[in-house]
>>> print(open('run.cif').read())   # mmCIF, C-alpha atoms and all ligand atoms
data_model
#
loop_
_atom_site.label_atom_id
_atom_site.label_comp_id
_atom_site.auth_asym_id
_atom_site.auth_seq_id
_atom_site.Cartn_x
_atom_site.Cartn_y
_atom_site.Cartn_z
CA MET W 1272 97.84 109.68 148.95
CA THR W 1273 95.11 112.11 149.94
CA ALA W 1274 92.49 113.28 147.45
CA LEU W 1275 93.22 116.62 145.82
CA GLU W 1276 91.23 119.66 146.97
CA PHE W 1277 90.31 121.48 143.78
CA ASN W 1278 89.84 125.21 143.85
CA ARG W 1279 86.56 125.81 142.00
CA GLN W 1280 85.81 128.74 139.77
CA LEU W 1281 82.51 128.11 138.01
CA ASN W 1282 81.75 129.26 134.47
CA LEU W 1283 79.23 132.11 134.60
CA GLN W 1284 78.69 131.80 130.85
CA ALA W 1285 77.94 128.08 130.99
CA LYS W 1286 75.80 126.79 128.11
CA SER W 1287 72.07 126.53 128.77
CA PRO W 1288 70.36 123.12 128.70
CA ALA W 1289 68.83 124.07 125.32
CA GLU W 1290 72.24 124.98 123.86
CA ARG W 1291 73.65 121.70 125.14
CA GLU W 1292 70.81 119.71 123.59
CA ALA W 1293 71.47 121.41 120.25
CA ILE W 1294 75.12 120.31 120.50
CA PHE W 1295 74.08 116.77 121.48
CA ALA W 1296 71.93 116.58 118.34
CA ASN W 1297 75.11 116.66 116.26
CA PRO W 1298 78.17 116.39 118.52
CA GLY W 1299 80.70 115.24 115.92
CA PHE W 1300 83.92 114.32 117.69
CA CYS W 1301 84.53 117.07 120.26
CA ASN W 1302 83.31 119.84 117.98
CA PHE W 1303 82.33 121.55 121.21
CA MET W 1304 83.99 121.42 124.59
CA THR W 1305 82.28 121.42 128.00
CA ASP W 1306 81.98 124.48 130.27
CA HIS W 1307 84.97 123.69 132.47
CA MET W 1308 88.50 122.34 132.54
CA VAL W 1309 90.79 121.09 135.26
CA ASP W 1310 94.45 121.93 135.68
CA ILE W 1311 97.26 121.06 138.05
CA CYS W 1312 100.70 122.71 138.05
CA TRP W 1313 104.03 121.05 138.58
CA SER W 1314 107.39 122.58 139.30
CA GLU W 1315 110.72 121.00 140.09
CA THR W 1316 110.78 122.69 143.48
CA GLY W 1317 107.07 122.55 144.42
CA GLY W 1318 105.93 119.22 142.90
CA TRP W 1319 102.22 118.96 142.01
CA HIS W 1320 100.27 121.95 143.29
CA ARG W 1321 97.31 124.33 142.72
CA PRO W 1322 94.66 121.89 141.45
CA ARG W 1323 91.87 123.96 139.88
CA ILE W 1324 88.50 123.68 138.20
CA GLN W 1325 87.93 126.73 136.03
CA PRO W 1326 85.88 127.83 133.00
CA TYR W 1327 86.98 126.21 129.75
CA GLY W 1328 88.79 128.80 127.67
CA PRO W 1329 92.09 130.00 126.21
CA ILE W 1330 95.14 129.47 128.35
CA GLU W 1331 98.02 131.86 128.68
CA ILE W 1332 101.41 130.51 127.75
CA GLU W 1333 104.74 132.26 127.24
CA PRO W 1334 105.95 132.28 123.63
CA ALA W 1335 109.20 130.76 124.89
CA ALA W 1336 107.40 127.81 126.55
CA ALA W 1337 109.27 124.55 125.92
CA VAL W 1338 106.29 122.75 124.36
CA LEU W 1339 105.98 125.29 121.53
CA HIS W 1340 109.54 124.68 120.41
CA TYR W 1341 110.57 121.16 121.35
CA GLY W 1342 107.22 119.38 121.59
CA GLN W 1343 107.49 118.12 125.17
CA GLU W 1344 103.89 116.96 125.45
CA ILE W 1345 101.80 113.87 126.20
CA PHE W 1346 98.09 113.12 126.25
CA GLU W 1347 95.46 110.48 126.96
CA GLY W 1348 91.99 109.74 125.66
CA LEU W 1349 89.12 108.02 127.45
CA LYS W 1350 85.35 108.31 127.56
CA ALA W 1351 82.61 108.91 130.11
CA TYR W 1352 79.50 106.80 129.45
CA ARG W 1353 75.98 107.48 130.72
CA HIS W 1354 74.25 104.30 131.92
CA ALA W 1355 70.49 103.73 131.78
CA ASP W 1356 70.02 104.75 135.45
CA GLY W 1357 71.75 108.09 134.76
CA SER W 1358 75.03 107.21 136.47
CA ILE W 1359 78.33 108.13 134.80
CA TRP W 1360 81.19 105.70 134.32
CA THR W 1361 84.52 105.43 132.59
CA PHE W 1362 86.48 102.43 131.35
CA ARG W 1363 89.81 101.25 132.85
CA PRO W 1364 91.01 104.75 133.78
CA ASP W 1365 93.78 103.23 135.93
CA ALA W 1366 95.28 101.82 132.71
CA ASN W 1367 95.17 105.27 131.09
CA ALA W 1368 96.73 106.77 134.23
CA ARG W 1369 99.59 104.28 134.14
CA ARG W 1370 100.13 104.76 130.43
CA PHE W 1371 100.17 108.52 131.05
CA GLN W 1372 103.00 107.86 133.51
CA SER W 1373 105.01 105.78 131.05
CA SER W 1374 104.47 108.37 128.31
CA ALA W 1375 105.68 111.01 130.80
CA ALA W 1376 108.78 109.00 131.63
CA ARG W 1377 109.66 108.69 127.92
CA MET W 1378 109.18 112.42 127.31
CA ALA W 1379 111.12 113.46 130.45
CA LEU W 1380 107.96 114.87 132.05
CA PRO W 1381 106.99 114.34 135.71
CA GLU W 1382 104.71 111.37 136.45
CA LEU W 1383 101.24 112.38 137.62
CA PRO W 1384 100.17 110.06 140.49
CA VAL W 1385 97.40 107.67 139.40
CA GLU W 1386 95.15 109.04 142.19
CA TYR W 1387 95.51 112.61 140.87
CA PHE W 1388 94.63 111.45 137.36
CA LEU W 1389 91.46 109.78 138.68
CA ASP W 1390 90.66 112.77 140.95
CA SER W 1391 90.86 115.10 137.96
CA LEU W 1392 88.30 113.03 136.03
CA LYS W 1393 85.88 113.08 138.96
CA ALA W 1394 86.47 116.80 139.51
CA LEU W 1395 85.51 117.63 135.93
CA ILE W 1396 82.40 115.43 136.07
CA SER W 1397 81.43 117.11 139.37
CA VAL W 1398 80.80 120.33 137.39
CA ASP W 1399 80.11 119.04 133.85
CA ALA W 1400 77.99 115.91 134.48
CA ASP W 1401 75.20 117.30 132.29
CA TRP W 1402 77.61 117.17 129.35
CA VAL W 1403 77.61 113.37 129.30
CA PRO W 1404 75.07 112.54 126.56
CA SER W 1405 72.69 109.61 126.82
CA ALA W 1406 71.88 108.72 123.18
CA PRO W 1407 73.18 105.31 122.01
CA GLU W 1408 76.89 105.19 121.10
CA THR W 1409 77.50 108.71 122.39
CA SER W 1410 79.86 109.64 125.18
CA LEU W 1411 81.84 112.47 126.70
CA TYR W 1412 85.41 112.21 125.42
CA LEU W 1413 87.95 113.06 128.13
CA ARG W 1414 91.30 114.46 127.07
CA PRO W 1415 94.00 114.72 129.76
CA PHE W 1416 97.27 116.27 128.60
CA MET W 1417 100.53 117.61 129.98
CA PHE W 1418 103.23 119.86 128.58
CA GLY W 1419 106.42 121.71 129.44
CA LYS W 1420 105.43 125.34 130.02
CA GLU W 1421 108.72 126.70 131.30
CA ALA W 1422 109.93 129.65 129.23
CA PHE W 1423 113.39 128.47 128.28
CA LEU W 1424 114.90 127.97 124.84
CA GLY W 1425 117.86 125.88 125.96
CA VAL W 1426 117.27 122.19 125.37
CA ARG W 1427 116.51 120.25 128.55
CA PRO W 1428 113.37 118.95 130.30
CA ALA W 1429 111.12 121.79 131.46
CA LYS W 1430 111.15 122.57 135.16
CA LYS W 1431 107.59 123.89 135.02
CA VAL W 1432 104.84 121.69 133.64
CA ALA W 1433 101.08 121.95 133.32
CA TYR W 1434 98.51 119.14 133.44
CA TYR W 1435 95.06 119.85 131.97
CA LEU W 1436 91.87 117.90 131.49
CA ILE W 1437 89.32 119.02 128.91
CA ALA W 1438 86.29 117.17 127.52
CA GLY W 1439 83.80 117.28 124.68
CA PRO W 1440 80.76 115.23 123.64
CA ALA W 1441 81.33 112.61 120.95
CA GLY W 1442 79.04 110.85 118.50
CA ALA W 1443 80.29 108.04 116.28
CA TYR W 1444 83.95 108.62 115.36
CA PHE W 1445 84.03 107.59 111.73
CA THR W 1446 81.19 109.19 109.80
CA SER W 1447 80.49 105.86 108.11
CA GLY W 1448 79.82 104.22 111.53
CA ALA W 1449 80.85 100.57 111.60
CA ALA W 1450 81.03 100.22 107.81
CA PRO W 1451 84.36 98.74 106.64
CA VAL W 1452 86.97 101.41 105.90
CA SER W 1453 89.72 101.66 103.32
CA ILE W 1454 93.18 102.26 104.65
CA TRP W 1455 96.28 103.45 102.87
CA LEU W 1456 99.71 101.84 103.22
CA SER W 1457 102.32 104.50 103.95
CA GLU W 1458 105.46 103.53 102.08
CA ASN W 1459 107.21 106.90 102.19
CA TYR W 1460 106.70 107.87 105.82
CA SER W 1461 107.05 106.19 109.23
CA ARG W 1462 105.38 107.38 112.42
CA ALA W 1463 108.03 106.04 114.79
CA GLY W 1464 111.43 104.38 114.77
CA LYS W 1465 113.45 102.00 116.89
CA GLY W 1466 114.26 103.66 120.21
CA GLY W 1467 111.89 106.53 119.32
CA THR W 1468 108.63 107.62 120.89
CA GLY W 1469 106.19 105.26 119.15
CA ALA W 1470 105.01 103.68 122.42
CA ALA W 1471 104.37 107.06 124.08
CA LYS W 1472 101.12 108.95 123.54
CA THR W 1473 102.76 112.15 122.43
CA GLY W 1474 101.71 114.81 119.93
CA GLY W 1475 104.90 114.43 117.88
CA ASN W 1476 103.87 110.97 116.70
CA TYR W 1477 100.66 112.47 115.37
CA ALA W 1478 102.51 115.38 113.78
CA ALA W 1479 104.71 112.82 112.01
CA SER W 1480 101.64 110.96 110.74
CA LEU W 1481 99.73 113.88 109.21
CA VAL W 1482 101.45 114.04 105.84
CA ALA W 1483 100.85 110.30 105.41
CA GLN W 1484 97.25 110.80 106.48
CA ASN W 1485 96.91 113.40 103.71
CA GLU W 1486 98.30 110.87 101.25
CA ALA W 1487 95.60 108.45 102.45
CA TYR W 1488 92.84 111.01 101.83
CA ALA W 1489 94.26 111.79 98.39
CA ASN W 1490 93.97 108.08 97.59
CA GLY W 1491 90.39 107.82 98.80
CA CYS W 1492 91.25 106.16 102.12
CA GLN W 1493 90.13 107.16 105.63
CA GLN W 1494 93.17 106.04 107.61
CA VAL W 1495 96.84 105.26 107.11
CA LEU W 1496 98.79 102.12 108.06
CA PHE W 1497 102.43 102.41 109.08
CA LEU W 1498 105.19 99.83 108.73
CA ASP W 1499 108.33 99.51 110.84
CA SER W 1500 110.89 102.11 109.84
CA THR W 1501 113.87 99.71 109.74
CA THR W 1502 112.74 97.08 107.21
CA ASN W 1503 109.49 98.57 105.89
CA SER W 1504 107.91 95.15 106.06
CA TYR W 1505 106.42 94.68 109.56
CA ILE W 1506 102.99 96.10 110.29
CA GLU W 1507 102.88 98.61 113.14
CA GLU W 1508 99.52 100.39 113.46
CA LEU W 1509 97.30 103.13 112.09
CA GLY W 1510 97.91 106.79 112.97
CA GLY W 1511 95.84 106.42 116.14
CA MET W 1512 94.51 102.86 116.28
CA ASN W 1513 95.89 99.34 116.71
CA VAL W 1514 95.30 96.55 114.19
CA VAL W 1515 94.04 92.99 114.75
CA PHE W 1516 93.80 90.12 112.24
CA VAL W 1517 91.30 87.28 112.54
CA TYR W 1518 92.29 83.92 111.02
CA LYS W 1519 89.98 81.25 109.64
CA ASP W 1520 90.68 78.96 112.63
CA GLY W 1521 89.55 81.71 115.04
CA THR W 1522 93.05 82.84 116.05
CA LEU W 1523 93.53 86.59 116.58
CA VAL W 1524 96.90 88.12 115.80
CA THR W 1525 98.11 91.63 116.61
CA PRO W 1526 101.50 93.07 115.69
CA LEU W 1527 104.11 93.23 118.44
CA SER W 1528 106.79 95.92 118.38
CA ASP W 1529 108.16 98.40 120.89
CA SER W 1530 107.23 101.32 118.65
CA ILE W 1531 103.48 100.57 118.77
CA LEU W 1532 101.23 102.39 121.23
CA PRO W 1533 99.86 99.73 123.61
CA GLY W 1534 96.10 100.28 123.23
CA ILE W 1535 93.72 99.63 126.10
CA THR W 1536 90.90 98.87 123.66
CA ARG W 1537 93.06 96.25 121.95
CA ASP W 1538 94.03 94.70 125.27
CA SER W 1539 90.37 94.57 126.37
CA VAL W 1540 89.09 93.12 123.08
CA LEU W 1541 91.80 90.45 123.05
CA THR W 1542 90.94 89.58 126.66
CA LEU W 1543 87.28 89.13 125.70
CA ALA W 1544 88.29 86.97 122.71
CA GLU W 1545 90.54 84.78 124.89
CA GLU W 1546 87.65 84.27 127.30
CA ARG W 1547 85.55 83.02 124.39
CA GLY W 1548 88.23 80.42 123.71
CA HIS W 1549 90.04 82.17 120.86
CA THR W 1550 93.81 81.84 120.66
CA VAL W 1551 95.54 85.25 120.69
CA HIS W 1552 99.04 85.90 119.39
CA ARG W 1553 101.01 89.08 119.91
CA ARG W 1554 103.87 88.74 117.44
CA PRO W 1555 105.50 90.49 114.49
CA VAL W 1556 103.29 90.45 111.35
CA THR W 1557 104.57 91.34 107.88
CA ILE W 1558 102.57 93.05 105.17
CA GLN W 1559 103.29 89.97 103.03
CA GLU W 1560 101.53 87.78 105.62
CA TRP W 1561 98.43 89.96 105.25
CA ARG W 1562 98.56 89.75 101.43
CA ASP W 1563 99.07 85.99 101.44
CA GLY W 1564 96.50 85.44 104.20
CA VAL W 1565 93.73 87.25 102.36
CA GLU W 1566 94.62 85.57 99.08
CA SER W 1567 94.59 82.06 100.59
CA GLY W 1568 91.50 82.78 102.67
CA ASP W 1569 93.38 82.26 105.97
CA ILE W 1570 92.78 85.83 107.13
CA VAL W 1571 89.02 86.35 107.28
CA GLU W 1572 88.62 89.65 109.16
CA VAL W 1573 90.77 92.67 109.98
CA PHE W 1574 89.85 95.45 112.36
CA ALA W 1575 91.27 98.59 113.92
CA CYS W 1576 90.66 99.50 117.55
CA GLY W 1577 91.05 102.49 119.84
CA THR W 1578 88.97 104.44 122.34
CA ALA W 1579 87.59 107.03 119.92
CA ALA W 1580 86.16 104.67 117.28
CA VAL W 1581 86.08 101.51 119.50
CA ILE W 1582 86.35 98.84 116.77
CA THR W 1583 86.27 99.61 113.07
CA PRO W 1584 86.27 96.89 110.43
CA ILE W 1585 89.00 97.29 107.82
CA GLY W 1586 87.70 96.36 104.38
CA GLU W 1587 90.71 96.99 102.23
CA LEU W 1588 94.31 98.09 102.26
CA LYS W 1589 95.41 100.16 99.29
CA ALA W 1590 99.08 100.48 98.42
CA LYS W 1591 100.89 102.09 95.49
CA ASP W 1592 101.20 98.79 93.64
CA PHE W 1593 98.49 96.54 95.07
CA THR W 1594 95.22 96.32 96.98
CA ILE W 1595 94.31 93.76 99.64
CA GLY W 1596 90.66 92.92 100.30
CA SER W 1597 87.60 95.00 99.45
CA THR W 1598 85.07 97.17 101.25
CA ASP W 1599 82.16 95.34 99.56
CA THR W 1600 82.32 92.33 101.85
CA GLY W 1601 80.67 93.97 104.88
CA PRO W 1602 81.93 93.93 108.47
CA GLY W 1603 83.26 90.67 109.91
CA GLU W 1604 81.07 88.69 112.28
CA LEU W 1605 83.63 88.32 115.08
CA THR W 1606 84.66 91.97 114.69
CA MET W 1607 81.08 93.11 115.21
CA SER W 1608 80.31 90.73 118.06
CA LEU W 1609 83.45 91.77 119.98
CA ARG W 1610 82.51 95.40 119.36
CA GLU W 1611 79.06 94.75 120.76
CA GLU W 1612 80.36 92.90 123.82
CA LEU W 1613 82.83 95.68 124.64
CA THR W 1614 80.34 98.52 124.16
CA ASP W 1615 77.71 96.60 126.15
CA ILE W 1616 80.14 96.52 129.10
CA GLN W 1617 81.02 100.21 128.66
CA TYR W 1618 77.38 101.31 128.49
CA GLY W 1619 76.32 99.07 131.39
CA ARG W 1620 74.16 96.77 129.25
CA ARG W 1621 76.16 93.73 130.31
CA PRO W 1622 77.76 92.87 133.68
CA ASP W 1623 81.32 94.10 134.18
CA THR W 1624 83.03 90.90 135.30
CA HIS W 1625 86.56 92.35 135.02
CA GLY W 1626 86.23 95.38 137.31
CA TRP W 1627 86.89 97.60 134.28
CA MET W 1628 84.21 100.21 134.96
CA TYR W 1629 84.89 103.14 137.29
CA ARG W 1630 82.17 105.44 138.54
CA LEU W 1631 82.79 109.16 138.04
CA ASP W 1632 79.68 110.81 139.52
CA GLY W 1633 78.21 110.86 143.03
C1 LIG K 1 95.60 106.16 121.72
C2 LIG K 1 96.20 105.38 120.61
C3 LIG K 1 95.78 104.06 120.30
C4 LIG K 1 94.60 103.39 120.96
O1 LIG K 1 94.71 103.28 122.35
P1 LIG K 1 93.41 103.06 123.23
O2 LIG K 1 93.94 102.94 124.62
O3 LIG K 1 92.77 101.81 122.77
O4 LIG K 1 92.55 104.24 123.03
C5 LIG K 1 96.45 103.39 119.30
N1 LIG K 1 97.47 103.96 118.62
C6 LIG K 1 97.89 105.21 118.88
C7 LIG K 1 99.02 105.78 118.10
C8 LIG K 1 97.27 105.96 119.89
O5 LIG K 1 97.70 107.20 120.13
#
>>> encode(input="run.cif", output="structure tokens")
Amino acid sequence: MTALEFNRQLNLQAKSPAEREAIFANPGFCNFMTDHMVDICWSETGGWHRPRIQPYGPIEIEPAAAVLHYGQEIFEGLKAYRHADGSIWTFRPDANARRFQSSAARMALPELPVEYFLDSLKALISVDADWVPSAPETSLYLRPFMFGKEAFLGVRPAKKVAYYLIAGPAGAYFTSGAAPVSIWLSENYSRAGKGGTGAAKTGGNYAASLVAQNEAYANGCQQVLFLDSTTNSYIEELGGMNVVFVYKDGTLVTPLSDSILPGITRDSVLTLAEERGHTVHRRPVTIQEWRDGVESGDIVEVFACGTAAVITPIGELKAKDFTIGSTDTGPGELTMSLREELTDIQYGRRPDTHGWMYRLDG
């Protein structure tokens, strides 16, 4: 497949270096977006066409566009990291590209070729390289997404689709950094069901999680944990992060279910743990196993993982009738050392022996 030729329209109101530095001083998580965005159109008759780089800004969409009514939408999330020599890299983008394809297939959207996905990342960096910050633990968060834009209120897959890539600088995701968080057990709401869209990265799963997330906030927790919707006993994941348990004997266990989003961070962390000699199990885990494991001392660490926050220690799980663990114990040792190993690879402080890093500039 040949590389895409992007039509370039540069932003004449691009932020000045001083304005950018002010944003970098307190980037939050994508509180500001870069100067440009990339888009590629798709139609049933024309396939992928009109790849463009243009100024970041509002997009025009018909009020009857499919996405606004039936939620035909998918997205991805990955980061661009600035290495010490100034070069710009991202982490396993081929895995994001393939997951974008499987999300597309589930949501009856066209599959963007992996090469186009990668081309779009490089195209954005070709104009917004200065937006990749260099302070420790900062990055440029890249957000590819796709939606049905055909104006049609009948229910069927859209015949016109748009792919976009936008980006914004990111500091640490959770304001508390790597301090252990409290999470809330959602007993009234599920994020996904059997045969549903839980394994696709689609906005609807997040929409379904928001009311439970509010419940978590109301109970003093930062995140919400979902159980399987059939039996309400198997652990699935947080609203946007996977969960991993560390046992006393060094075994790592992560829940297995076809309604969990297969995280690339989780896969990478478990790979690193296996290479250190840890046994890794991907199998169903009940909430009772967590309760019993913490009580008996068999489960010694629990963490959440995903691109945005990398690895976050989970201190306690609060439920209506019980609490597991506590946030007073501090982050787990293995949790923090896996976090360090992964971020060292991402920021180029440690050799990339897996071929995970992909250069975006030059
Ligand atoms: C994106 C996402 C994750 C984490 O995936 P990564 O590839 O590690 O970023 C986990 N759960 C959900 C629901 C997600 O949307």
>>> atom_distance(input="run.cif", atom1="CA of Glu1276 in chain W", atom2="CA of Ala1438 in chain W")
20.2 Å
>>> atom_distance(input="run.cif", atom1="CA of Gly1318 in chain W", atom2="CA of Pro1381 in chain W")
8.8 Å
>>> closest_residue(input="run.cif", among="W:Arg1547, W:Arg1553, W:Arg1321, W:Lys1589", to="Tyr1488 in chain W", atoms="all atoms listed in the file")
W:Lys1589
>>> axis_aligned_box(input="run.cif", around="ligand LIG 1 (chain K)", padding_each_side="8 Å", output="lines of an AutoDock Vina configuration file")
center_x = 95.8
center_y = 104.5
center_z = 121.4
size_x = 22.5
size_y = 21.4
size_z = 22.5
>>> residues_near_point(input="run.cif", point="(71.5, 105.9, 129.7)", cutoff="10 Å", atoms="only C-alpha atoms", output="number ranges by chain")
W: 1352-1359, 1403-1407, 1409, 1618-1620
>>> residues_near_ligand(input="run.cif", ligand="ligand LIG 1 (chain K)", cutoff="6 Å", atoms="only C-alpha atoms and all ligand atoms", output="PyMOL selection string")
chain W and resi 1472+1510-1513+1532+1534-1537+1577-1578
>>> write_last_selection(input="run.cif", atoms="C-alpha atoms", output="PDB file, keeping the file's coordinate frame")
ATOM      1  CA  LYS W1472     101.120 108.950 123.540  1.00  0.00           C
ATOM      2  CA  GLY W1510      97.910 106.790 112.970  1.00  0.00           C
ATOM      3  CA  GLY W1511      95.840 106.420 116.140  1.00  0.00           C
ATOM      4  CA  MET W1512      94.510 102.860 116.280  1.00  0.00           C
ATOM      5  CA  ASN W1513      95.890  99.340 116.710  1.00  0.00           C
ATOM      6  CA  LEU W1532     101.230 102.390 121.230  1.00  0.00           C
ATOM      7  CA  GLY W1534      96.100 100.280 123.230  1.00  0.00           C
ATOM      8  CA  ILE W1535      93.720  99.630 126.100  1.00  0.00           C
ATOM      9  CA  THR W1536      90.900  98.870 123.660  1.00  0.00           C
ATOM     10  CA  ARG W1537      93.060  96.250 121.950  1.00  0.00           C
ATOM     11  CA  GLY W1577      91.050 102.490 119.840  1.00  0.00           C
ATOM     12  CA  THR W1578      88.970 104.440 122.340  1.00  0.00           C
TER      13      THR W1578
END
>>> closest_residue(input="run.cif", among="W:Leu1411, W:Leu1436, W:Cys1492, W:Ala1337", to="Gly1299 in chain W", atoms="only C-alpha atoms")
W:Leu1411
